[in-house]
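S.K.: Just so it is clear, I am handing over data30.cif, which has mmCIF, C-alpha atoms.
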```cif
data_protein
loop_
_atom_site.label_atom_id
_atom_site.label_comp_id
_atom_site.auth_asym_id
_atom_site.auth_seq_id
_atom_site.Cartn_x
_atom_site.Cartn_y
_atom_site.Cartn_z
CA MET A 25 55.23 -124.57 17.62
CA LEU A 26 58.70 -123.11 17.90
CA ASP A 27 59.33 -119.40 17.56
CA THR A 28 60.47 -118.36 14.06
CA VAL A 29 63.30 -116.24 15.48
CA PHE A 30 64.59 -119.26 17.41
CA ILE A 31 64.38 -121.45 14.29
CA THR A 32 66.33 -118.84 12.29
CA LYS A 33 69.04 -118.69 14.98
CA LEU A 34 69.16 -122.49 15.09
CA LYS A 35 69.64 -122.70 11.32
CA ARG A 36 72.39 -120.09 11.38
CA THR A 37 74.11 -121.87 14.26
CA GLY A 38 73.90 -125.20 12.42
CA ILE A 39 75.42 -123.69 9.28
CA PHE A 40 78.16 -122.09 11.37
CA ILE A 41 79.03 -125.41 13.08
CA LEU A 42 79.13 -127.23 9.72
CA VAL A 43 81.32 -124.62 8.01
CA PHE A 44 83.59 -124.30 11.05
CA THR A 45 84.05 -128.08 11.28
CA LEU A 46 84.97 -128.34 7.59
CA LEU A 47 87.47 -125.48 7.88
CA PHE A 48 88.94 -126.92 11.10
CA VAL A 49 89.46 -130.37 9.55
CA LEU A 50 90.95 -128.82 6.40
CA PHE A 51 93.30 -126.67 8.45
CA PHE A 52 94.63 -129.53 10.58
CA TYR A 53 94.98 -131.98 7.70
CA THR A 54 96.96 -129.48 5.62
CA LEU A 55 99.01 -128.03 8.51
CA ARG A 56 102.02 -130.24 7.74
CA TYR A 57 102.30 -128.49 4.37
CA THR A 58 101.30 -124.96 5.40
CA LEU A 59 103.05 -124.72 8.80
CA PRO A 60 105.79 -122.21 7.78
CA PHE A 61 103.22 -119.92 6.18
CA VAL A 62 100.81 -120.16 9.11
CA LEU A 63 103.64 -119.33 11.50
CA GLY A 64 104.85 -116.51 9.26
CA PHE A 65 101.36 -115.00 9.02
CA PHE A 66 100.83 -115.28 12.79
CA ILE A 67 104.19 -113.66 13.60
CA ALA A 68 103.51 -110.89 11.06
CA LEU A 69 100.15 -110.18 12.69
CA THR A 70 101.56 -110.10 16.22
CA THR A 71 104.39 -107.74 15.19
CA LYS A 72 102.19 -105.53 12.99
CA ARG A 73 102.05 -102.63 15.45
CA PHE A 74 105.80 -102.66 16.04
CA ASN A 75 106.36 -102.79 12.30
CA PHE A 76 104.13 -99.76 11.67
CA PHE A 77 105.74 -97.95 14.60
CA LEU A 78 109.20 -98.37 13.02
CA GLN A 79 107.92 -97.07 9.69
CA LYS A 80 106.52 -93.88 11.25
CA ARG A 81 109.24 -93.32 13.82
CA LEU A 82 112.26 -93.95 11.58
CA LYS A 83 110.51 -92.86 8.38
CA ILE A 84 111.54 -95.99 6.50
CA SER A 85 109.81 -98.15 3.91
CA SER A 86 107.69 -101.17 4.78
CA GLY A 87 110.35 -103.50 3.34
CA ILE A 88 113.12 -102.18 5.61
CA SER A 89 110.92 -102.11 8.70
CA ALA A 90 109.74 -105.67 7.91
CA ILE A 91 113.29 -107.03 7.65
CA ILE A 92 114.27 -105.28 10.92
CA THR A 93 111.20 -106.59 12.75
CA THR A 94 111.53 -110.11 11.38
CA THR A 95 115.25 -110.26 12.19
CA ILE A 96 114.74 -109.08 15.78
CA ILE A 97 111.95 -111.59 16.39
CA PHE A 98 113.90 -114.50 14.89
CA VAL A 99 117.09 -113.64 16.80
CA ILE A 100 115.13 -113.71 20.07
CA LEU A 101 113.30 -116.91 19.14
CA SER A 102 116.52 -118.59 17.95
CA PHE A 103 118.25 -117.77 21.23
CA ILE A 104 115.37 -119.14 23.31
CA VAL A 105 114.94 -122.27 21.17
CA THR A 106 118.70 -122.97 21.12
CA LEU A 107 118.91 -122.63 24.88
CA VAL A 108 115.92 -124.93 25.42
CA ILE A 109 117.15 -127.50 22.89
CA TYR A 110 120.63 -127.57 24.44
CA LYS A 111 119.24 -128.05 27.94
CA VAL A 112 116.64 -130.62 26.92
CA THR A 113 119.06 -132.59 24.73
CA SER A 114 121.84 -132.75 27.32
CA GLU A 115 119.45 -133.81 30.08
CA SER A 116 117.65 -136.29 27.80
CA ILE A 117 120.91 -138.05 26.95
CA LEU A 118 121.87 -138.28 30.64
CA LEU A 119 118.37 -139.39 31.60
CA LEU A 120 118.26 -142.12 28.94
CA ALA A 121 121.59 -143.42 30.20
CA LYS A 122 120.29 -143.59 33.77
CA ILE A 123 116.90 -145.19 33.13
CA PRO A 124 117.13 -148.70 34.58
CA SER A 125 116.44 -151.71 32.40
CA ILE A 126 113.29 -153.77 32.78
CA ASP A 127 115.30 -156.65 34.29
CA SER A 128 116.77 -154.45 37.01
CA MET A 129 113.31 -153.05 37.76
CA VAL A 130 111.97 -156.60 38.12
CA VAL A 131 114.65 -157.20 40.76
CA TYR A 132 113.48 -154.08 42.58
CA ILE A 133 109.88 -155.33 42.40
CA ASP A 134 110.92 -158.68 43.90
CA LYS A 135 112.65 -156.93 46.80
CA LEU A 136 109.67 -154.62 47.28
CA PHE A 137 107.22 -157.54 47.52
CA VAL A 138 109.49 -159.36 49.95
CA GLU A 139 109.53 -156.29 52.18
CA ILE A 140 105.76 -155.82 51.87
CA THR A 141 105.19 -159.50 52.74
CA GLU A 142 107.37 -159.21 55.84
CA ILE A 143 105.55 -156.06 56.97
CA VAL A 144 101.96 -157.07 56.21
CA GLY A 145 102.28 -160.74 57.04
CA GLN A 146 100.77 -163.62 55.21
CA ILE A 147 99.36 -162.66 51.81
CA ASP A 148 97.40 -164.91 49.51
CA PRO A 149 99.91 -166.16 46.89
CA VAL A 150 97.29 -165.77 44.13
CA VAL A 151 96.80 -162.09 45.03
CA VAL A 152 100.57 -161.55 45.18
CA SER A 153 101.02 -163.15 41.76
CA LYS A 154 98.31 -160.98 40.16
CA ILE A 155 99.58 -157.75 41.73
CA TYR A 156 103.12 -158.65 40.74
CA GLY A 157 102.08 -159.21 37.13
CA TYR A 158 100.07 -155.98 36.94
CA LEU A 159 102.88 -153.94 38.49
CA GLN A 160 105.53 -155.44 36.24
CA THR A 161 103.42 -154.77 33.13
CA LEU A 162 102.67 -151.22 34.27
CA LEU A 163 106.33 -150.40 34.96
CA SER A 164 107.39 -151.96 31.68
CA GLN A 165 104.89 -149.86 29.72
CA LEU A 166 105.76 -146.66 31.60
CA VAL A 167 109.49 -147.14 31.00
CA ASN A 168 108.92 -147.88 27.32
CA ILE A 169 106.69 -144.81 26.89
CA THR A 170 109.21 -142.59 28.70
CA ILE A 171 112.12 -143.88 26.61
CA LYS A 172 110.08 -143.50 23.42
CA ALA A 173 109.16 -139.91 24.35
CA LEU A 174 112.79 -138.99 25.07
CA ASN A 175 113.97 -140.66 21.87
CA THR A 176 111.33 -138.71 19.96
CA VAL A 177 112.66 -135.48 21.44
CA LEU A 178 116.22 -136.40 20.50
CA SER A 179 115.27 -137.52 16.98
CA ALA A 180 113.41 -134.25 16.47
CA VAL A 181 116.50 -132.33 17.53
CA LEU A 182 118.74 -134.44 15.32
CA SER A 183 116.55 -133.82 12.26
CA LEU A 184 117.93 -130.30 12.05
CA PRO A 185 117.99 -130.03 8.22
CA SER A 186 114.17 -130.18 8.00
CA VAL A 187 113.82 -127.91 11.02
CA LEU A 188 116.21 -125.40 9.49
CA LEU A 189 114.32 -125.55 6.19
CA ILE A 190 111.04 -124.78 7.99
CA ALA A 191 112.78 -121.96 9.91
CA VAL A 192 114.15 -120.40 6.71
CA ILE A 193 110.79 -120.58 4.91
CA THR A 194 109.05 -119.19 8.00
CA PHE A 195 111.53 -116.29 8.10
CA ILE A 196 110.93 -115.45 4.43
CA ALA A 197 107.14 -115.84 4.81
CA THR A 198 107.16 -113.58 7.89
CA TYR A 199 109.14 -110.92 6.04
CA LEU A 200 106.84 -111.01 2.99
CA PHE A 201 103.66 -110.94 5.09
CA SER A 202 105.01 -108.08 7.23
CA LYS A 203 106.13 -106.12 4.15
CA ASP A 204 102.88 -106.42 2.19
CA LEU A 205 100.34 -106.84 4.98
CA LYS A 206 98.45 -103.71 3.91
CA VAL A 207 98.41 -104.89 0.28
CA PHE A 208 97.04 -108.35 1.22
CA SER A 209 94.49 -106.72 3.52
CA GLY A 210 93.32 -104.33 0.80
CA ARG A 211 92.90 -107.10 -1.78
CA PHE A 212 91.00 -109.27 0.69
CA TYR A 213 88.53 -106.54 1.69
CA SER A 214 88.03 -105.40 -1.90
CA VAL A 215 85.68 -108.34 -2.58
CA PHE A 216 83.15 -107.12 0.02
CA SER A 217 80.58 -104.34 -0.10
CA SER A 218 80.98 -101.39 2.26
CA ASP A 219 78.65 -102.98 4.83
CA GLY A 220 80.21 -106.40 4.37
CA LYS A 221 83.68 -104.92 4.69
CA SER A 222 82.78 -103.30 8.01
CA LYS A 223 81.37 -106.58 9.36
CA MET A 224 84.34 -108.60 8.13
CA GLU A 225 86.77 -106.14 9.76
CA ASN A 226 84.94 -106.53 13.05
CA ILE A 227 84.91 -110.32 12.73
CA ILE A 228 88.66 -110.47 12.00
CA LYS A 229 89.46 -107.96 14.74
CA GLU A 230 87.48 -109.88 17.35
CA GLY A 231 88.77 -113.22 16.02
CA ILE A 232 92.42 -112.19 16.27
CA SER A 233 91.85 -110.71 19.72
CA MET A 234 90.20 -113.88 21.04
CA THR A 235 92.67 -116.22 19.33
CA ILE A 236 95.62 -114.40 20.85
CA GLY A 237 93.78 -114.40 24.17
CA TYR A 238 93.21 -118.16 23.87
CA ALA A 239 96.91 -118.78 23.11
CA LYS A 240 97.97 -116.53 26.00
CA ALA A 241 95.55 -118.26 28.39
CA TYR A 242 96.81 -121.78 27.69
CA SER A 243 100.42 -120.63 27.59
CA LEU A 244 99.87 -119.20 31.07
CA VAL A 245 98.30 -122.45 32.30
CA VAL A 246 101.22 -124.51 30.93
CA PHE A 247 103.74 -122.03 32.36
CA ILE A 248 102.14 -122.16 35.83
CA THR A 249 102.24 -125.96 35.73
CA PHE A 250 105.90 -125.86 34.64
CA VAL A 251 106.87 -123.46 37.46
CA GLN A 252 105.04 -125.51 40.12
CA VAL A 253 106.63 -128.77 39.01
CA LEU A 254 110.10 -127.22 38.64
CA VAL A 255 109.95 -125.67 42.13
CA GLY A 256 108.68 -128.95 43.60
CA PHE A 257 111.32 -131.08 41.83
CA SER A 258 114.05 -128.63 42.87
CA LEU A 259 112.98 -128.71 46.53
CA LEU A 260 112.85 -132.52 46.44
CA LYS A 261 116.24 -132.56 44.66
CA ILE A 262 115.00 -134.61 41.70
CA ASP A 263 117.60 -135.12 38.97
CA PHE A 264 116.92 -133.59 35.54
CA ALA A 265 114.37 -131.21 37.06
CA VAL A 266 114.24 -128.91 34.02
CA ILE A 267 113.51 -131.50 31.33
CA LEU A 268 111.08 -133.42 33.55
CA SER A 269 109.23 -130.19 34.35
CA ILE A 270 108.96 -129.33 30.65
CA ILE A 271 107.67 -132.83 29.84
CA CYS A 272 105.17 -132.66 32.73
CA ALA A 273 103.86 -129.27 31.60
CA LEU A 274 103.38 -130.53 28.03
CA PHE A 275 102.01 -133.93 29.04
CA ASP A 276 99.51 -132.23 31.35
CA ILE A 277 97.61 -131.15 28.21
CA LEU A 278 97.11 -134.79 27.21
CA PRO A 279 93.86 -136.48 28.22
CA VAL A 280 93.72 -138.97 31.12
CA ILE A 281 97.41 -139.90 31.30
CA GLY A 282 98.97 -136.43 31.54
CA MET A 283 101.66 -136.05 34.18
CA ILE A 284 101.00 -139.56 35.53
CA LEU A 285 103.50 -140.88 32.96
CA ILE A 286 106.24 -138.95 34.73
CA PHE A 287 105.10 -138.98 38.35
CA ILE A 288 104.23 -142.67 38.79
CA PRO A 289 107.70 -144.00 37.76
CA LEU A 290 109.38 -141.34 39.93
CA ILE A 291 107.19 -142.18 42.94
CA ILE A 292 107.70 -145.95 42.60
CA TYR A 293 111.43 -145.55 41.97
CA ASN A 294 111.94 -143.42 45.09
CA PHE A 295 109.89 -145.81 47.22
CA VAL A 296 111.96 -148.75 45.95
CA ILE A 297 115.34 -147.14 46.67
CA GLY A 298 114.20 -146.14 50.16
CA LYS A 299 113.53 -142.42 49.64
CA SER A 300 110.05 -142.52 51.14
CA PHE A 301 110.07 -138.81 52.01
CA VAL A 302 110.77 -137.87 48.38
CA ALA A 303 108.10 -140.30 47.11
CA ILE A 304 105.48 -138.85 49.48
CA GLY A 305 106.58 -135.36 48.48
CA LEU A 306 106.03 -136.27 44.80
CA ILE A 307 102.52 -137.55 45.60
CA VAL A 308 101.70 -134.29 47.39
CA LEU A 309 103.20 -132.25 44.54
CA PHE A 310 101.17 -134.17 41.95
CA LEU A 311 97.94 -133.60 43.89
CA VAL A 312 98.69 -129.90 44.37
CA VAL A 313 99.52 -129.33 40.69
CA THR A 314 96.43 -131.25 39.55
CA VAL A 315 94.08 -129.36 41.90
CA VAL A 316 95.59 -125.96 41.02
CA ARG A 317 95.28 -126.67 37.29
CA GLN A 318 91.65 -127.76 37.60
CA ILE A 319 90.89 -124.51 39.45
CA ILE A 320 92.84 -122.03 37.32
CA GLU A 321 92.31 -123.46 33.82
CA PRO A 322 88.57 -122.71 33.41
CA LYS A 323 88.96 -119.39 35.26
CA ILE A 324 91.93 -118.09 33.23
CA VAL A 325 90.53 -119.23 29.90
CA SER A 326 87.01 -117.92 30.59
CA GLN A 327 88.26 -114.52 31.81
CA THR A 328 90.53 -114.14 28.80
CA LEU A 329 87.88 -115.18 26.27
CA ASP A 330 84.88 -113.66 28.10
CA ILE A 331 83.09 -117.01 28.03
CA HIS A 332 81.33 -118.59 31.02
CA PRO A 333 83.61 -121.02 32.95
CA LEU A 334 80.96 -123.76 32.69
CA MET A 335 81.08 -123.60 28.89
CA ILE A 336 84.89 -123.77 28.90
CA LEU A 337 84.81 -126.71 31.33
CA ALA A 338 82.27 -128.53 29.14
CA ALA A 339 84.34 -127.85 26.00
CA ILE A 340 87.49 -129.19 27.67
CA PHE A 341 85.79 -132.33 29.04
CA ILE A 342 83.76 -133.19 25.91
CA GLY A 343 86.71 -132.41 23.61
CA LEU A 344 89.07 -134.66 25.55
CA LYS A 345 86.50 -137.45 25.61
CA VAL A 346 85.72 -137.19 21.89
CA SER A 347 89.18 -136.79 20.36
CA GLY A 348 91.80 -135.99 22.99
CA PHE A 349 93.82 -132.79 22.72
CA VAL A 350 92.67 -131.99 19.16
CA GLY A 351 89.06 -132.42 20.25
CA MET A 352 89.58 -129.99 23.12
CA ILE A 353 91.10 -127.43 20.72
CA TYR A 354 88.15 -127.90 18.34
CA PHE A 355 85.41 -127.34 20.92
CA ILE A 356 87.12 -124.34 22.53
CA ALA A 357 87.80 -122.83 19.08
CA LEU A 358 84.12 -123.48 18.22
CA LEU A 359 83.09 -121.51 21.32
CA VAL A 360 85.48 -118.69 20.41
CA GLY A 361 84.19 -118.57 16.83
CA TYR A 362 80.58 -118.50 17.98
CA LYS A 363 81.38 -115.76 20.51
CA VAL A 364 83.08 -113.67 17.81
CA LEU A 365 80.14 -113.94 15.39
CA ALA A 366 77.67 -113.24 18.20
CA LYS A 367 79.59 -110.09 19.15
CA VAL A 368 79.42 -108.71 15.61
CA LYS A 369 75.76 -109.74 15.41
CA VAL A 370 76.19 -112.28 12.60
CA LEU A 371 74.74 -114.99 14.87
#
```
What does the file become when written as structure tokens?
M.R.:
Amino acid sequence: MLDTVFITKLKRTGIFILVFTLLFVLFFYTLRYTLPFVLGFFIALTTKRFNFFLQKRLKISSGISAIITTTIIFVILSFIVTLVIYKVTSESILLLAKIPSIDSMVVYIDKLFVEITEIVGQIDPVVVSKIYGYLQTLLSQLVNITIKALNTVLSAVLSLPSVLLIAVITFIATYLFSKDLKVFSGRFYSVFSSDGKSKMENIIKEGISMTIGYAKAYSLVVFITFVQVLVGFSLLKIDFAVILSIICALFDILPVIGMILIFIPLIIYNFVIGKSFVAIGLIVLFLVVTVVRQIIEPKIVSQTLDIHPLMILAAIFIGLKVSGFVGMIYFIALLVGYKVLAKVKVL
């Protein structure tokens, strides 16, 4: 028979997975309504030390220090976001104008097959017809997806009233959370016993530490991908290097397709127009970025979260297979949550 200690641990783990799953689903399904408050709470937590430092150093009230901290953070964020939006919007408009139509790409495909036929020799017409159809469908879908993605970016930028409303509410929520963080904390802990309060403080402390570490780890992975692609595109003199690098870095998080949506059209386009060196360079760049990401992602995430790389790799793979990007977030967050509760000896 199984050991009673093992059975107890198994029951606790099962309860944890069930509760975590319910909370995770609830969080994601309500995020569209709670986003400003979640952002405000997160920003207030990350600036808590600076806020307390201002109160002690300048000997000011929590309200004044909160408004100073919140204003500084939002000025910096507004500058960065405005700069990124301007660059992305301007390059998106130019890129949309330069994307060739499907008809013109079909002409390029015809010329490409003529050249291939002359080089290779006699090719079975049935094979040529099938390859031609597959390639035409693939290019059509890739162009449509790329145009749709760029239009989505532009429509998001153009819907400024809703974005501004979210920004204003987030600013107010950040200020209120920063101002009364001690009050909220005191009321929350007041429902626990002295022992329970100590455990809950440890859980929240470890949870915040690991969550921030998780965010930093993936931000670093995305940033490394962005830098690699931007340097590669710049060396190969690819137009719209900045926006394409940003899209590649973000798309690289997506399961299966990832950066292929950007690299395949660029590679085919450069082969068609006779820039074979650039096309080969893009293939090499894609392979390098993919290999580097597969090496650094488990290592960076596992070192930051103090979780074995094999567990992180399994969470990433299973999550992507089950439910794409959201599934990956769920399984890694599940690992983090379990690690936190194991550290404070709840599990």
S.K.: Near region 196-202 of chain A, within 9 Å and counting only C-alpha atoms, which residues show up once chain neighbours fewer than 4 positions away are dropped, as a ChimeraX atom specification?
M.R.: /A:60-69,71-72,75,86-87,89-91,93-95,191-192,206,208
S.K.: Quick one: of A:Ile84, A:Leu78, A:Ala265, A:Leu365, who's nearest to Ile228 (chain A), counting all atoms listed in the file?
M.R.: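 For Ile228 (chain A), the nearest of the candidates is A:Leu365.
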S.K.: Quick one: which residues end up in the PyMOL selection byres ((chain A and resi 245-256) around 8) for this structure, as a list of chain:residue names?
M.R.: A:Ala241, A:Tyr242, A:Ser243, A:Leu244, A:Phe257, A:Ser258, A:Leu259, A:Leu260, A:Ala265, A:Val266, A:Ser269, A:Ile270, A:Cys272, A:Ala273, A:Leu274, A:Asp276, A:Leu306, A:Leu309, A:Val313, A:Arg317, A:Ile320, A:Glu321, A:Ile324
S.K.: Go ahead and write the residues just picked, C-alpha atoms, as a compact mmCIF listing (two decimals), keeping the file's coordinate frame.
M.R.:
```
# COMPACT_ATOMS: atom_id res chain seq x y z
CA ALA A 241 95.55 -118.26 28.39
CA TYR A 242 96.81 -121.78 27.69
CA SER A 243 100.42 -120.63 27.59
CA LEU A 244 99.87 -119.20 31.07
CA PHE A 257 111.32 -131.08 41.83
CA SER A 258 114.05 -128.63 42.87
CA LEU A 259 112.98 -128.71 46.53
CA LEU A 260 112.85 -132.52 46.44
CA ALA A 265 114.37 -131.21 37.06
CA VAL A 266 114.24 -128.91 34.02
CA SER A 269 109.23 -130.19 34.35
CA ILE A 270 108.96 -129.33 30.65
CA CYS A 272 105.17 -132.66 32.73
CA ALA A 273 103.86 -129.27 31.60
CA LEU A 274 103.38 -130.53 28.03
CA ASP A 276 99.51 -132.23 31.35
CA LEU A 306 106.03 -136.27 44.80
CA LEU A 309 103.20 -132.25 44.54
CA VAL A 313 99.52 -129.33 40.69
CA ARG A 317 95.28 -126.67 37.29
CA ILE A 320 92.84 -122.03 37.32
CA GLU A 321 92.31 -123.46 33.82
CA ILE A 324 91.93 -118.09 33.23
```
S.K.: Just so the selection is clear, what residues does the PyMOL selection byres ((chain A and resi 40-51) around 12) cover here, as a count of residues only?
M.R.: 34
S.K.: Tell me, in Å to one decimal, how far CA of Lys203 (chain A) is from CA of Ser85 (chain A).
M.R.: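 Pair CA of Lys203 (chain A) / CA of Ser85 (chain A) returns 8.8 Å.
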S.K.: Starting from the point (115.7, -122.0, 19.0), work out which residues of protein, DNA or RNA have an atom no more than 12 Å away when counting only C-alpha atoms; state them as a list of chain:residue names.
M.R.: A:Ile97, A:Phe98, A:Val99, A:Ile100, A:Leu101, A:Ser102, A:Phe103, A:Ile104, A:Val105, A:Thr106, A:Leu107, A:Val108, A:Ile109, A:Tyr110, A:Lys111, A:Val112, A:Val181, A:Leu184, A:Val187, A:Leu188, A:Ala191
S.K.: For a test of reading the model, state the distance in Å between CA of Val312 (chain A) and CA of His332 (chain A), rounded to one decimal.
M.R.: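 Those two atoms sit 24.6 Å apart.
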S.K.: What does the distance between CA of Val308 (chain A) and CA of Val296 (chain A) come to in Å, to one decimal place?
M.R.: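 One can read the CA of Val308 (chain A) to CA of Val296 (chain A) distance as 17.8 Å.
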S.K.: With all heavy atoms as the target, complete region 262-271 of chain A and hand it back as a PDB file, in the frame of the given file.
M.R.:
```pdb
ATOM      1  N   ILE A 262     115.164-133.607  42.766  1.00  0.00           N
ATOM      2  CA  ILE A 262     115.000-134.610  41.700  1.00  0.00           C
ATOM      3  C   ILE A 262     115.978-134.296  40.577  1.00  0.00           C
ATOM      4  O   ILE A 262     116.111-133.144  40.163  1.00  0.00           O
ATOM      5  CB  ILE A 262     113.557-134.591  41.153  1.00  0.00           C
ATOM      6  CG1 ILE A 262     112.547-134.859  42.275  1.00  0.00           C
ATOM      7  CG2 ILE A 262     113.391-135.598  40.028  1.00  0.00           C
ATOM      8  CD1 ILE A 262     112.616-136.235  42.866  1.00  0.00           C
ATOM      9  N   ASP A 263     116.677-135.318  40.100  1.00  0.00           N
ATOM     10  CA  ASP A 263     117.600-135.120  38.970  1.00  0.00           C
ATOM     11  C   ASP A 263     116.826-134.757  37.705  1.00  0.00           C
ATOM     12  O   ASP A 263     115.679-135.166  37.525  1.00  0.00           O
ATOM     13  CB  ASP A 263     118.414-136.398  38.720  1.00  0.00           C
ATOM     14  CG  ASP A 263     119.364-136.689  39.879  1.00  0.00           C
ATOM     15  OD1 ASP A 263     119.770-135.735  40.566  1.00  0.00           O
ATOM     16  OD2 ASP A 263     119.688-137.873  40.087  1.00  0.00           O
ATOM     17  N   PHE A 264     117.493-133.987  36.824  1.00  0.00           N
ATOM     18  CA  PHE A 264     116.920-133.590  35.540  1.00  0.00           C
ATOM     19  C   PHE A 264     115.590-132.847  35.733  1.00  0.00           C
ATOM     20  O   PHE A 264     114.605-133.099  35.046  1.00  0.00           O
ATOM     21  CB  PHE A 264     116.719-134.804  34.624  1.00  0.00           C
ATOM     22  CG  PHE A 264     117.873-135.755  34.622  1.00  0.00           C
ATOM     23  CD1 PHE A 264     117.779-136.980  35.251  1.00  0.00           C
ATOM     24  CD2 PHE A 264     119.059-135.399  34.014  1.00  0.00           C
ATOM     25  CE1 PHE A 264     118.852-137.843  35.252  1.00  0.00           C
ATOM     26  CE2 PHE A 264     120.137-136.272  34.008  1.00  0.00           C
ATOM     27  CZ  PHE A 264     120.038-137.488  34.632  1.00  0.00           C
ATOM     28  N   ALA A 265     115.601-131.931  36.701  1.00  0.00           N
ATOM     29  CA  ALA A 265     114.370-131.210  37.060  1.00  0.00           C
ATOM     30  C   ALA A 265     113.818-130.401  35.891  1.00  0.00           C
ATOM     31  O   ALA A 265     112.605-130.351  35.692  1.00  0.00           O
ATOM     32  CB  ALA A 265     114.628-130.293  38.258  1.00  0.00           C
ATOM     33  N   VAL A 266     114.695-129.789  35.104  1.00  0.00           N
ATOM     34  CA  VAL A 266     114.240-128.910  34.020  1.00  0.00           C
ATOM     35  C   VAL A 266     113.498-129.695  32.948  1.00  0.00           C
ATOM     36  O   VAL A 266     112.357-129.367  32.586  1.00  0.00           O
ATOM     37  CB  VAL A 266     115.420-128.135  33.390  1.00  0.00           C
ATOM     38  CG1 VAL A 266     114.940-127.326  32.181  1.00  0.00           C
ATOM     39  CG2 VAL A 266     116.059-127.202  34.408  1.00  0.00           C
ATOM     40  N   ILE A 267     114.146-130.738  32.420  1.00  0.00           N
ATOM     41  CA  ILE A 267     113.510-131.500  31.330  1.00  0.00           C
ATOM     42  C   ILE A 267     112.253-132.209  31.807  1.00  0.00           C
ATOM     43  O   ILE A 267     111.242-132.259  31.097  1.00  0.00           O
ATOM     44  CB  ILE A 267     114.507-132.506  30.711  1.00  0.00           C
ATOM     45  CG1 ILE A 267     113.850-133.188  29.506  1.00  0.00           C
ATOM     46  CG2 ILE A 267     114.964-133.537  31.708  1.00  0.00           C
ATOM     47  CD1 ILE A 267     114.785-134.075  28.740  1.00  0.00           C
ATOM     48  N   LEU A 268     112.271-132.746  33.027  1.00  0.00           N
ATOM     49  CA  LEU A 268     111.080-133.420  33.550  1.00  0.00           C
ATOM     50  C   LEU A 268     109.934-132.432  33.767  1.00  0.00           C
ATOM     51  O   LEU A 268     108.767-132.770  33.551  1.00  0.00           O
ATOM     52  CB  LEU A 268     111.424-134.139  34.861  1.00  0.00           C
ATOM     53  CG  LEU A 268     112.329-135.366  34.739  1.00  0.00           C
ATOM     54  CD1 LEU A 268     112.654-135.937  36.103  1.00  0.00           C
ATOM     55  CD2 LEU A 268     111.676-136.438  33.868  1.00  0.00           C
ATOM     56  N   SER A 269     110.268-131.214  34.160  1.00  0.00           N
ATOM     57  CA  SER A 269     109.230-130.190  34.350  1.00  0.00           C
ATOM     58  C   SER A 269     108.621-129.780  33.015  1.00  0.00           C
ATOM     59  O   SER A 269     107.401-129.580  32.921  1.00  0.00           O
ATOM     60  CB  SER A 269     109.832-128.961  35.051  1.00  0.00           C
ATOM     61  OG  SER A 269     110.357-129.295  36.313  1.00  0.00           O
ATOM     62  N   ILE A 270     109.466-129.658  31.989  1.00  0.00           N
ATOM     63  CA  ILE A 270     108.960-129.330  30.650  1.00  0.00           C
ATOM     64  C   ILE A 270     108.040-130.435  30.139  1.00  0.00           C
ATOM     65  O   ILE A 270     106.943-130.174  29.627  1.00  0.00           O
ATOM     66  CB  ILE A 270     110.121-129.103  29.660  1.00  0.00           C
ATOM     67  CG1 ILE A 270     110.905-127.839  30.038  1.00  0.00           C
ATOM     68  CG2 ILE A 270     109.594-128.979  28.233  1.00  0.00           C
ATOM     69  CD1 ILE A 270     112.162-127.630  29.225  1.00  0.00           C
ATOM     70  N   ILE A 271     108.473-131.688  30.299  1.00  0.00           N
ATOM     71  CA  ILE A 271     107.670-132.830  29.840  1.00  0.00           C
ATOM     72  C   ILE A 271     106.352-132.884  30.603  1.00  0.00           C
ATOM     73  O   ILE A 271     105.286-133.119  30.008  1.00  0.00           O
ATOM     74  CB  ILE A 271     108.455-134.147  29.996  1.00  0.00           C
ATOM     75  CG1 ILE A 271     109.667-134.159  29.060  1.00  0.00           C
ATOM     76  CG2 ILE A 271     107.561-135.343  29.699  1.00  0.00           C
ATOM     77  CD1 ILE A 271     110.589-135.337  29.257  1.00  0.00           C
TER      78      ILE A 271
END
```
